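The next block holds one structure in the form of structure tokens; read it before the comments.
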Amino acid sequence: MTIDYLKRGKPETERAEDDAKTAAIVADTLRDIEARGDAAVRELAVKFDGFERESYRLSPEEIEAIIAKVSPEDMDDIRFAQAQVKAFAQVQRDSMRDVEVETMPGVILGHKNIPVQSVGCYVPGGKFPMVASAHMSVATAAVAGVPRIVACTPPFKGEPNPAVIAAMHLGGAHEIYVLGGIQAVGAMAIGTESIDPVHLLVGPGNAFVAEAKRQLFGRVGIDLFAGPTETMVIADDTVDAELCATDLLGQAEHGYNSPAVLVTNSRKLAEGTLSEIDRLLEILPTADTASVSWRDYGEVILCDTYEEMLEVADEIASEHVQVMTDRDDWFLEKMTCYGALFLGPRTNVANGDKVIGTNHTLPTKKAGRYTGGLWVGKFLKTHSYQKVTTDEAAAEIGAYGSRLCLLEGFAGHAEQCNVRVRRYGKVNVPYAGAARLTG
């Protein structure tokens, strides 16, 4: 394999050091929330959000007043986006069926898809008000039928952001809190005097939010480990440098540590994209952020063949993968590790982030190797059940079960089976500790 890195990002050792510092801060903060509840949450909200009020939960009257500040045009756009997200989530929900089957006479097995009973949806908004994240978490949870949906978002410029609150409310949130960061996810997962804990945490966030979710996993469920936004452009000479540079920087503006990677088999495109990025950073309004991400985390990888491009892409397992080649469907067929694919030059990640209908909460940091992104199925639990309806089946299954339990040395397990054989099979079976069943 011949691969040439025309630009590299921070080495993994430095990235690991940053992660370790974040983890220590998060652990201390979560312990404080658990020990002091609302008092700790209030102190953190004042310190990091600069926001203090008697209750961080918005009342129905406050929600109504805040939403009234949203223009009719913006409300129409929010409704349109939510309609797309809900429609696709409903199609996904409809694909998940409860099942029941009689596997042998008198033995019935099945499963039911049951909504998680409470979910905490984190919607980022301290730097950019992430209106779309409310659609992806709150509205999708509503389609799944979650009976208690809690939503948290930080204040934006000192007050609740009207568009975000509108999206949460329209999406179906039952409780809305103006809280951000570790204090928000910690309060939702651990619970405080004023906030009942939830069963599942979902939604993207900064490195501290992602690490808090990681540390809280087990106490509650989480959607996935969602770190800083990642984007990859896989391109050949069928597209130009302007398109590639725009797609890379469009995601690099998320934060100071958002990886953006170009994988190509065209040296001309690679070098042209590097030049075009320099040009765009001179005029991009969010260049202060995007330039740091590109400097520290941007990469340009030049390959010889499409097969090499595929191998590199699957190894990196980026969150967003924009494919613009003469064989986009080939990549769709062959790629196995990613968050979401955006196929062809007419498609772009921003549409996926905001409006097209797929969910934008996606796996990062190589998690695409073992999970997909947030979807309606994350809010559902598939529970199995079993039922034996005839004496004959109870005796037959019981006989097999007893022998297999004794094979492993579990006499008590075997006796659970034996008592059914004796009772329903009318067979004089000795106790498990005395002998093996023979039929």
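Naming scheme: A, B, ... for chains in displayed order of the structure tokens; residues 1 onward per chain; ligands 1 onward as shown.
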
Discussion item. Which residues are near Leu274 of chain A? Cut-off 9 Å, only C-alpha atoms, ignore same chain within fewer than 3 positions. Put them as a ChimeraX atom specification.
Written reply: /A:6-7,241,245,269-271,277-279,300

Item to complete: Name the residues of segment 6-114 of chain A that come out as alpha helix (DSSP H) in a backbone DSSP run; write them as a VMD selection string.
Response: chain A and resid 12 to 36 38 to 44 60 to 67 72 to 95

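Shortest separation to Asp49 of chain A among A:Ala367, A:Leu302, A:Leu179, A:Val146 occurs at residue A:Leu179, atoms counted being only C-alpha atoms.
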
Which residues are near Val116 of chain A? Cut-off 9 Å, only C-alpha atoms, ignore same chain within fewer than 3 positions. Put them as a PDB file with N, CA and C atoms, in the first residue's frame.
```
ATOM      1  N   VAL A 119     -36.095   9.206  29.349  1.00  0.00           N
ATOM      2  CA  VAL A 119     -34.880   9.528  28.603  1.00  0.00           C
ATOM      3  C   VAL A 119     -34.506  10.976  28.842  1.00  0.00           C
ATOM      4  N   ALA A 141     -37.434  10.191  20.193  1.00  0.00           N
ATOM      5  CA  ALA A 141     -37.922   9.504  21.392  1.00  0.00           C
ATOM      6  C   ALA A 141     -39.450   9.497  21.431  1.00  0.00           C
ATOM      7  N   ALA A 144     -40.804   6.854  19.269  1.00  0.00           N
ATOM      8  CA  ALA A 144     -40.630   5.548  19.905  1.00  0.00           C
ATOM      9  C   ALA A 144     -41.657   5.300  21.005  1.00  0.00           C
ATOM     10  N   GLY A 145     -42.302   6.360  21.481  1.00  0.00           N
ATOM     11  CA  GLY A 145     -43.310   6.197  22.523  1.00  0.00           C
ATOM     12  C   GLY A 145     -42.784   6.305  23.937  1.00  0.00           C
ATOM     13  N   VAL A 146     -41.645   6.958  24.139  1.00  0.00           N
ATOM     14  CA  VAL A 146     -41.078   7.132  25.484  1.00  0.00           C
ATOM     15  C   VAL A 146     -42.036   7.991  26.318  1.00  0.00           C
ATOM     16  N   PRO A 147     -42.465   7.511  27.495  1.00  0.00           N
ATOM     17  CA  PRO A 147     -43.477   8.251  28.254  1.00  0.00           C
ATOM     18  C   PRO A 147     -42.968   9.458  29.039  1.00  0.00           C
ATOM     19  N   ARG A 148     -41.644   9.530  29.298  1.00  0.00           N
ATOM     20  CA  ARG A 148     -41.096  10.713  29.988  1.00  0.00           C
ATOM     21  C   ARG A 148     -39.835  11.153  29.261  1.00  0.00           C
ATOM     22  N   HIS A 199     -33.572   6.875  32.670  1.00  0.00           N
ATOM     23  CA  HIS A 199     -33.014   5.547  32.389  1.00  0.00           C
ATOM     24  C   HIS A 199     -32.000   5.567  31.250  1.00  0.00           C
ATOM     25  N   LEU A 200     -32.061   6.586  30.396  1.00  0.00           N
ATOM     26  CA  LEU A 200     -31.217   6.632  29.193  1.00  0.00           C
ATOM     27  C   LEU A 200     -30.824   8.072  28.906  1.00  0.00           C
ATOM     28  N   LYS A 378     -32.932   2.906  19.396  1.00  0.00           N
ATOM     29  CA  LYS A 378     -32.180   3.119  20.634  1.00  0.00           C
ATOM     30  C   LYS A 378     -33.106   3.402  21.808  1.00  0.00           C
ATOM     31  N   PHE A 379     -34.312   3.868  21.527  1.00  0.00           N
ATOM     32  CA  PHE A 379     -35.266   4.184  22.579  1.00  0.00           C
ATOM     33  C   PHE A 379     -36.185   3.001  22.901  1.00  0.00           C
ATOM     34  N   LEU A 380     -35.918   1.869  22.269  1.00  0.00           N
ATOM     35  CA  LEU A 380     -36.730   0.675  22.470  1.00  0.00           C
ATOM     36  C   LEU A 380     -35.861  -0.456  23.020  1.00  0.00           C
ATOM     37  N   LYS A 381     -36.440  -1.253  23.884  1.00  0.00           N
ATOM     38  CA  LYS A 381     -35.756  -2.414  24.437  1.00  0.00           C
ATOM     39  C   LYS A 381     -36.471  -3.662  23.928  1.00  0.00           C
TER      40      LYS A 381
END
```

Fill in: Close residues, Thr358 of chain A itself excluded, 12 Å, only C-alpha atoms, min 4 positions apart in chain, as number ranges by chain
A: 81-92, 132-133, 135-137, 140, 339-342, 349-354, 362, 372-376

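Restricting the calculation to only C-alpha atoms, the smallest distance between Leu249 of chain A and any of A:Ile176, A:Leu281, A:Ala207, A:Val419 is found for A:Leu281.
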
Worksheet item: Hey, can you check how far atom CA of Ala134 of chain A sits from atom CA of Asp76 of chain A?
Response: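 Answer for the atom CA of Ala134 of chain A to atom CA of Asp76 of chain A separation: 15.4 Å.
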
Item to complete: Work out how far atom CA of Ser55 of chain A is from atom CA of Ile182 of chain A, in Å to one decimal.
Response: 17.6 Å

Discussion item. I'd like the neighbourhood of Ala313 of chain A as a PyMOL selection string, where a residue qualifies if any of its atoms comes within 10 Å (using only C-alpha atoms), though same-chain residues fewer than 4 positions away should be ignored.
Written reply: chain A and resi 232-234+261-263+307-309+317-318+321+331+335-338

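The smallest atom-to-atom distance between Arg79 of chain A and any of A:Gly272, A:Asp329, A:His169, A:Ile222, using only C-alpha atoms, is found for A:His169.
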
Worksheet entry | Between atom CA of Ala24 of chain A and atom CA of Ser291 of chain A - distance in Å to one decimal |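 About the pair atom CA of Ser291 of chain A and atom CA of Ala24 of chain A: they are 27.7 Å apart.
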
Item to complete: Show which residues sit within 8 Å of Pro197 of chain A, as a list of chain:residue names. Count only C-alpha atoms, and ignore same-chain residues fewer than 4 positions away.
Response: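 Once the nearby chain positions are removed, what remains is A:Ala187, A:Met188, A:Ala189, A:Ile190, A:Gly191, A:Thr192.
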
Those residues with N, CA and C atoms, as a JSON list (two decimals), in the first residue's frame please?
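As written to disk, part.json reads:
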```
[["chain", "number", "residue", "atom", "x", "y", "z"],
["A", 187, "ALA", "N", -27.12, 15.67, 36.31],
["A", 187, "ALA", "CA", -28.40, 15.81, 37.01],
["A", 187, "ALA", "C", -29.44, 14.85, 36.44],
["A", 188, "MET", "N", -29.47, 14.71, 35.13],
["A", 188, "MET", "CA", -30.46, 13.81, 34.53],
["A", 188, "MET", "C", -30.18, 12.35, 34.87],
["A", 189, "ALA", "N", -28.92, 11.96, 34.91],
["A", 189, "ALA", "CA", -28.59, 10.56, 35.15],
["A", 189, "ALA", "C", -28.61, 10.20, 36.64],
["A", 190, "ILE", "N", -28.04, 11.07, 37.47],
["A", 190, "ILE", "CA", -27.91, 10.79, 38.90],
["A", 190, "ILE", "C", -29.18, 11.16, 39.65],
["A", 191, "GLY", "N", -29.80, 12.26, 39.20],
["A", 191, "GLY", "CA", -30.98, 12.77, 39.89],
["A", 191, "GLY", "C", -30.59, 13.73, 41.00],
["A", 192, "THR", "N", -31.46, 14.67, 41.28],
["A", 192, "THR", "CA", -31.27, 15.62, 42.37],
["A", 192, "THR", "C", -32.59, 15.75, 43.12]]
```

Please identify all polymer residues within 7 Å of segment 416-418 of chain A, counting only C-alpha atoms, omitting same-chain residues fewer than 3 positions from it, and present them as a CSV table (one decimal) with all heavy atoms, in the first residue's frame.
```csv
chain,number,residue,atom,x,y,z
A,398,GLY,N,-38.2,-30.3,29.6
A,398,GLY,CA,-37.7,-30.4,31.0
A,398,GLY,C,-36.6,-31.5,31.0
A,398,GLY,O,-35.6,-31.4,31.7
A,399,ALA,N,-36.8,-32.6,30.3
A,399,ALA,CA,-35.9,-33.7,30.3
A,399,ALA,C,-34.5,-33.2,29.6
A,399,ALA,O,-33.5,-33.5,30.2
A,399,ALA,CB,-36.4,-34.9,29.5
A,401,GLY,N,-33.6,-30.1,29.4
A,401,GLY,CA,-33.0,-29.1,30.2
A,401,GLY,C,-32.3,-29.7,31.4
A,401,GLY,O,-31.2,-29.2,31.8
A,402,SER,N,-32.9,-30.7,32.1
A,402,SER,CA,-32.2,-31.3,33.2
A,402,SER,C,-30.9,-31.9,32.9
A,402,SER,O,-29.9,-31.7,33.6
A,402,SER,CB,-33.1,-32.4,33.8
A,402,SER,OG,-32.5,-33.1,34.9
A,412,GLY,N,-29.3,-27.6,41.2
A,412,GLY,CA,-30.6,-26.8,41.4
A,412,GLY,C,-31.3,-26.5,40.2
A,412,GLY,O,-32.5,-26.5,40.1
A,413,HIS,N,-30.5,-26.1,39.2
A,413,HIS,CA,-31.1,-25.8,37.9
A,413,HIS,C,-31.9,-27.0,37.3
A,413,HIS,O,-33.0,-27.0,36.9
A,413,HIS,CB,-30.1,-25.4,36.8
A,413,HIS,CG,-29.5,-24.0,37.0
A,413,HIS,ND1,-28.9,-23.6,38.1
A,413,HIS,CD2,-29.5,-23.0,36.1
A,413,HIS,CE1,-28.5,-22.3,37.9
A,413,HIS,NE2,-28.9,-21.9,36.7
A,421,VAL,N,-41.0,-32.3,34.9
A,421,VAL,CA,-41.1,-33.7,34.3
A,421,VAL,C,-42.0,-34.6,35.1
A,421,VAL,O,-42.8,-35.3,34.6
A,421,VAL,CB,-39.7,-34.3,34.0
A,421,VAL,CG1,-39.8,-35.7,33.5
A,421,VAL,CG2,-38.9,-33.4,33.0
A,422,ARG,N,-41.7,-34.5,36.4
A,422,ARG,CA,-42.5,-35.4,37.4
A,422,ARG,C,-44.0,-35.0,37.4
A,422,ARG,O,-44.9,-35.8,37.4
A,422,ARG,CB,-41.9,-35.3,38.8
A,422,ARG,CG,-40.6,-35.9,39.0
A,422,ARG,CD,-40.3,-36.1,40.4
A,422,ARG,NE,-40.1,-34.8,41.1
A,422,ARG,CZ,-38.9,-34.2,41.2
A,422,ARG,NH1,-37.9,-34.7,40.7
A,422,ARG,NH2,-38.9,-33.0,41.9
A,429,VAL,N,-39.2,-39.3,38.2
A,429,VAL,CA,-37.8,-38.9,37.9
A,429,VAL,C,-37.1,-38.6,39.3
A,429,VAL,O,-37.6,-37.9,40.1
A,429,VAL,CB,-37.7,-37.6,37.1
A,429,VAL,CG1,-36.3,-37.2,36.8
A,429,VAL,CG2,-38.4,-37.9,35.7
```

Discussion item. As a ChimeraX atom specification, please: every residue in segment 69-124 of chain A that a backbone DSSP assignment puts in strand (DSSP E).
Written reply: /A:99-104,107-115,119-122

I need the residues from that last selection saved to file as a compact mmCIF listing (two decimals), in the first residue's frame (with all heavy atoms), if you can.
```txt
# COMPACT_ATOMS: atom_id res chain seq x y z
N VAL A 99 -42.57 -10.28 17.73
CA VAL A 99 -42.68 -11.60 17.10
C VAL A 99 -43.13 -12.63 18.12
O VAL A 99 -42.89 -12.50 19.33
CB VAL A 99 -41.35 -12.05 16.46
CG1 VAL A 99 -40.90 -11.07 15.40
CG2 VAL A 99 -40.27 -12.24 17.51
N GLU A 100 -43.79 -13.67 17.64
CA GLU A 100 -44.16 -14.83 18.47
C GLU A 100 -44.20 -16.04 17.56
O GLU A 100 -44.76 -15.98 16.45
CB GLU A 100 -45.51 -14.61 19.14
CG GLU A 100 -45.86 -15.74 20.12
CD GLU A 100 -47.12 -15.43 20.92
OE1 GLU A 100 -47.00 -14.70 21.93
OE2 GLU A 100 -48.20 -15.91 20.52
N VAL A 101 -43.58 -17.13 17.99
CA VAL A 101 -43.50 -18.32 17.15
C VAL A 101 -43.60 -19.56 18.03
O VAL A 101 -43.09 -19.59 19.16
CB VAL A 101 -42.19 -18.33 16.33
CG1 VAL A 101 -40.97 -18.33 17.24
CG2 VAL A 101 -42.15 -19.52 15.37
N GLU A 102 -44.27 -20.59 17.53
CA GLU A 102 -44.31 -21.88 18.21
C GLU A 102 -43.17 -22.72 17.63
O GLU A 102 -43.24 -23.21 16.51
CB GLU A 102 -45.66 -22.57 18.01
CG GLU A 102 -45.84 -23.79 18.88
CD GLU A 102 -47.27 -24.31 18.86
OE1 GLU A 102 -48.01 -24.01 17.89
OE2 GLU A 102 -47.65 -25.03 19.81
N THR A 103 -42.08 -22.86 18.39
CA THR A 103 -40.87 -23.50 17.87
C THR A 103 -40.98 -25.02 17.86
O THR A 103 -40.26 -25.69 17.11
CB THR A 103 -39.65 -23.10 18.71
OG1 THR A 103 -39.89 -23.42 20.09
CG2 THR A 103 -39.39 -21.60 18.58
N MET A 104 -41.83 -25.57 18.71
CA MET A 104 -42.19 -26.98 18.70
C MET A 104 -43.56 -27.06 19.36
O MET A 104 -43.98 -26.10 20.02
CB MET A 104 -41.15 -27.83 19.43
CG MET A 104 -40.91 -27.43 20.87
SD MET A 104 -39.64 -28.43 21.69
CE MET A 104 -40.56 -29.92 22.05
N VAL A 107 -44.50 -25.08 22.71
CA VAL A 107 -43.46 -24.15 23.16
C VAL A 107 -43.55 -22.87 22.34
O VAL A 107 -43.35 -22.90 21.11
CB VAL A 107 -42.05 -24.77 23.03
CG1 VAL A 107 -40.98 -23.74 23.41
CG2 VAL A 107 -41.92 -26.00 23.91
N ILE A 108 -43.85 -21.78 23.00
CA ILE A 108 -44.04 -20.48 22.33
C ILE A 108 -42.97 -19.51 22.80
O ILE A 108 -42.78 -19.30 24.01
CB ILE A 108 -45.45 -19.93 22.64
CG1 ILE A 108 -46.52 -20.85 22.05
CG2 ILE A 108 -45.60 -18.51 22.08
CD1 ILE A 108 -47.93 -20.50 22.46
N LEU A 109 -42.26 -18.93 21.84
CA LEU A 109 -41.23 -17.93 22.11
C LEU A 109 -41.60 -16.63 21.41
O LEU A 109 -42.21 -16.64 20.34
CB LEU A 109 -39.86 -18.40 21.61
CG LEU A 109 -39.38 -19.79 22.06
CD1 LEU A 109 -38.00 -20.06 21.48
CD2 LEU A 109 -39.37 -19.91 23.57
N GLY A 110 -41.19 -15.52 21.99
CA GLY A 110 -41.48 -14.24 21.35
C GLY A 110 -40.62 -13.13 21.90
O GLY A 110 -39.83 -13.32 22.84
N HIS A 111 -40.75 -11.98 21.28
CA HIS A 111 -40.16 -10.78 21.86
C HIS A 111 -41.08 -9.58 21.63
O HIS A 111 -41.88 -9.55 20.70
CB HIS A 111 -38.74 -10.52 21.36
CG HIS A 111 -38.63 -9.95 19.96
ND1 HIS A 111 -37.72 -10.41 19.05
CD2 HIS A 111 -39.27 -8.91 19.32
CE1 HIS A 111 -37.83 -9.72 17.92
NE2 HIS A 111 -38.75 -8.80 18.06
N LYS A 112 -40.94 -8.61 22.55
CA LYS A 112 -41.69 -7.36 22.48
C LYS A 112 -40.71 -6.21 22.47
O LYS A 112 -39.68 -6.24 23.15
CB LYS A 112 -42.62 -7.22 23.69
CG LYS A 112 -43.76 -8.21 23.75
CD LYS A 112 -44.61 -7.98 24.99
CE LYS A 112 -45.28 -6.61 24.93
NZ LYS A 112 -46.16 -6.36 26.11
N ASN A 113 -41.02 -5.18 21.70
CA ASN A 113 -40.23 -3.96 21.68
C ASN A 113 -40.91 -2.93 22.59
O ASN A 113 -41.98 -2.42 22.27
CB ASN A 113 -40.10 -3.42 20.25
CG ASN A 113 -39.30 -4.36 19.37
OD1 ASN A 113 -38.14 -4.61 19.63
ND2 ASN A 113 -39.93 -4.90 18.34
N ILE A 114 -40.28 -2.64 23.72
CA ILE A 114 -40.87 -1.79 24.75
C ILE A 114 -40.09 -0.49 24.84
O ILE A 114 -38.86 -0.51 24.95
CB ILE A 114 -40.86 -2.51 26.10
CG1 ILE A 114 -41.63 -3.84 26.01
CG2 ILE A 114 -41.44 -1.63 27.20
CD1 ILE A 114 -41.50 -4.70 27.24
N PRO A 115 -40.75 0.67 24.83
CA PRO A 115 -40.02 1.94 24.95
C PRO A 115 -39.29 2.04 26.30
O PRO A 115 -39.79 1.58 27.33
CB PRO A 115 -41.12 3.00 24.86
CG PRO A 115 -42.28 2.32 24.21
CD PRO A 115 -42.20 0.88 24.63
N VAL A 119 -36.10 9.21 29.35
CA VAL A 119 -34.88 9.53 28.60
C VAL A 119 -34.51 10.98 28.84
O VAL A 119 -35.37 11.86 28.95
CB VAL A 119 -35.07 9.25 27.09
CG1 VAL A 119 -36.17 10.10 26.50
CG2 VAL A 119 -33.77 9.49 26.32
N GLY A 120 -33.19 11.22 28.98
CA GLY A 120 -32.67 12.57 29.08
C GLY A 120 -32.00 12.96 27.78
O GLY A 120 -31.04 12.30 27.34
N CYS A 121 -32.49 14.01 27.15
CA CYS A 121 -31.97 14.46 25.86
C CYS A 121 -31.14 15.71 26.07
O CYS A 121 -31.66 16.75 26.51
CB CYS A 121 -33.12 14.77 24.90
SG CYS A 121 -34.22 13.38 24.58
N TYR A 122 -29.85 15.63 25.74
CA TYR A 122 -29.00 16.81 25.85
C TYR A 122 -28.90 17.49 24.50
O TYR A 122 -28.59 16.85 23.49
CB TYR A 122 -27.59 16.45 26.35
CG TYR A 122 -26.76 17.69 26.58
CD1 TYR A 122 -27.04 18.52 27.65
CD2 TYR A 122 -25.74 18.05 25.70
CE1 TYR A 122 -26.31 19.69 27.86
CE2 TYR A 122 -25.01 19.21 25.90
CZ TYR A 122 -25.29 20.03 26.98
OH TYR A 122 -24.58 21.19 27.17
```
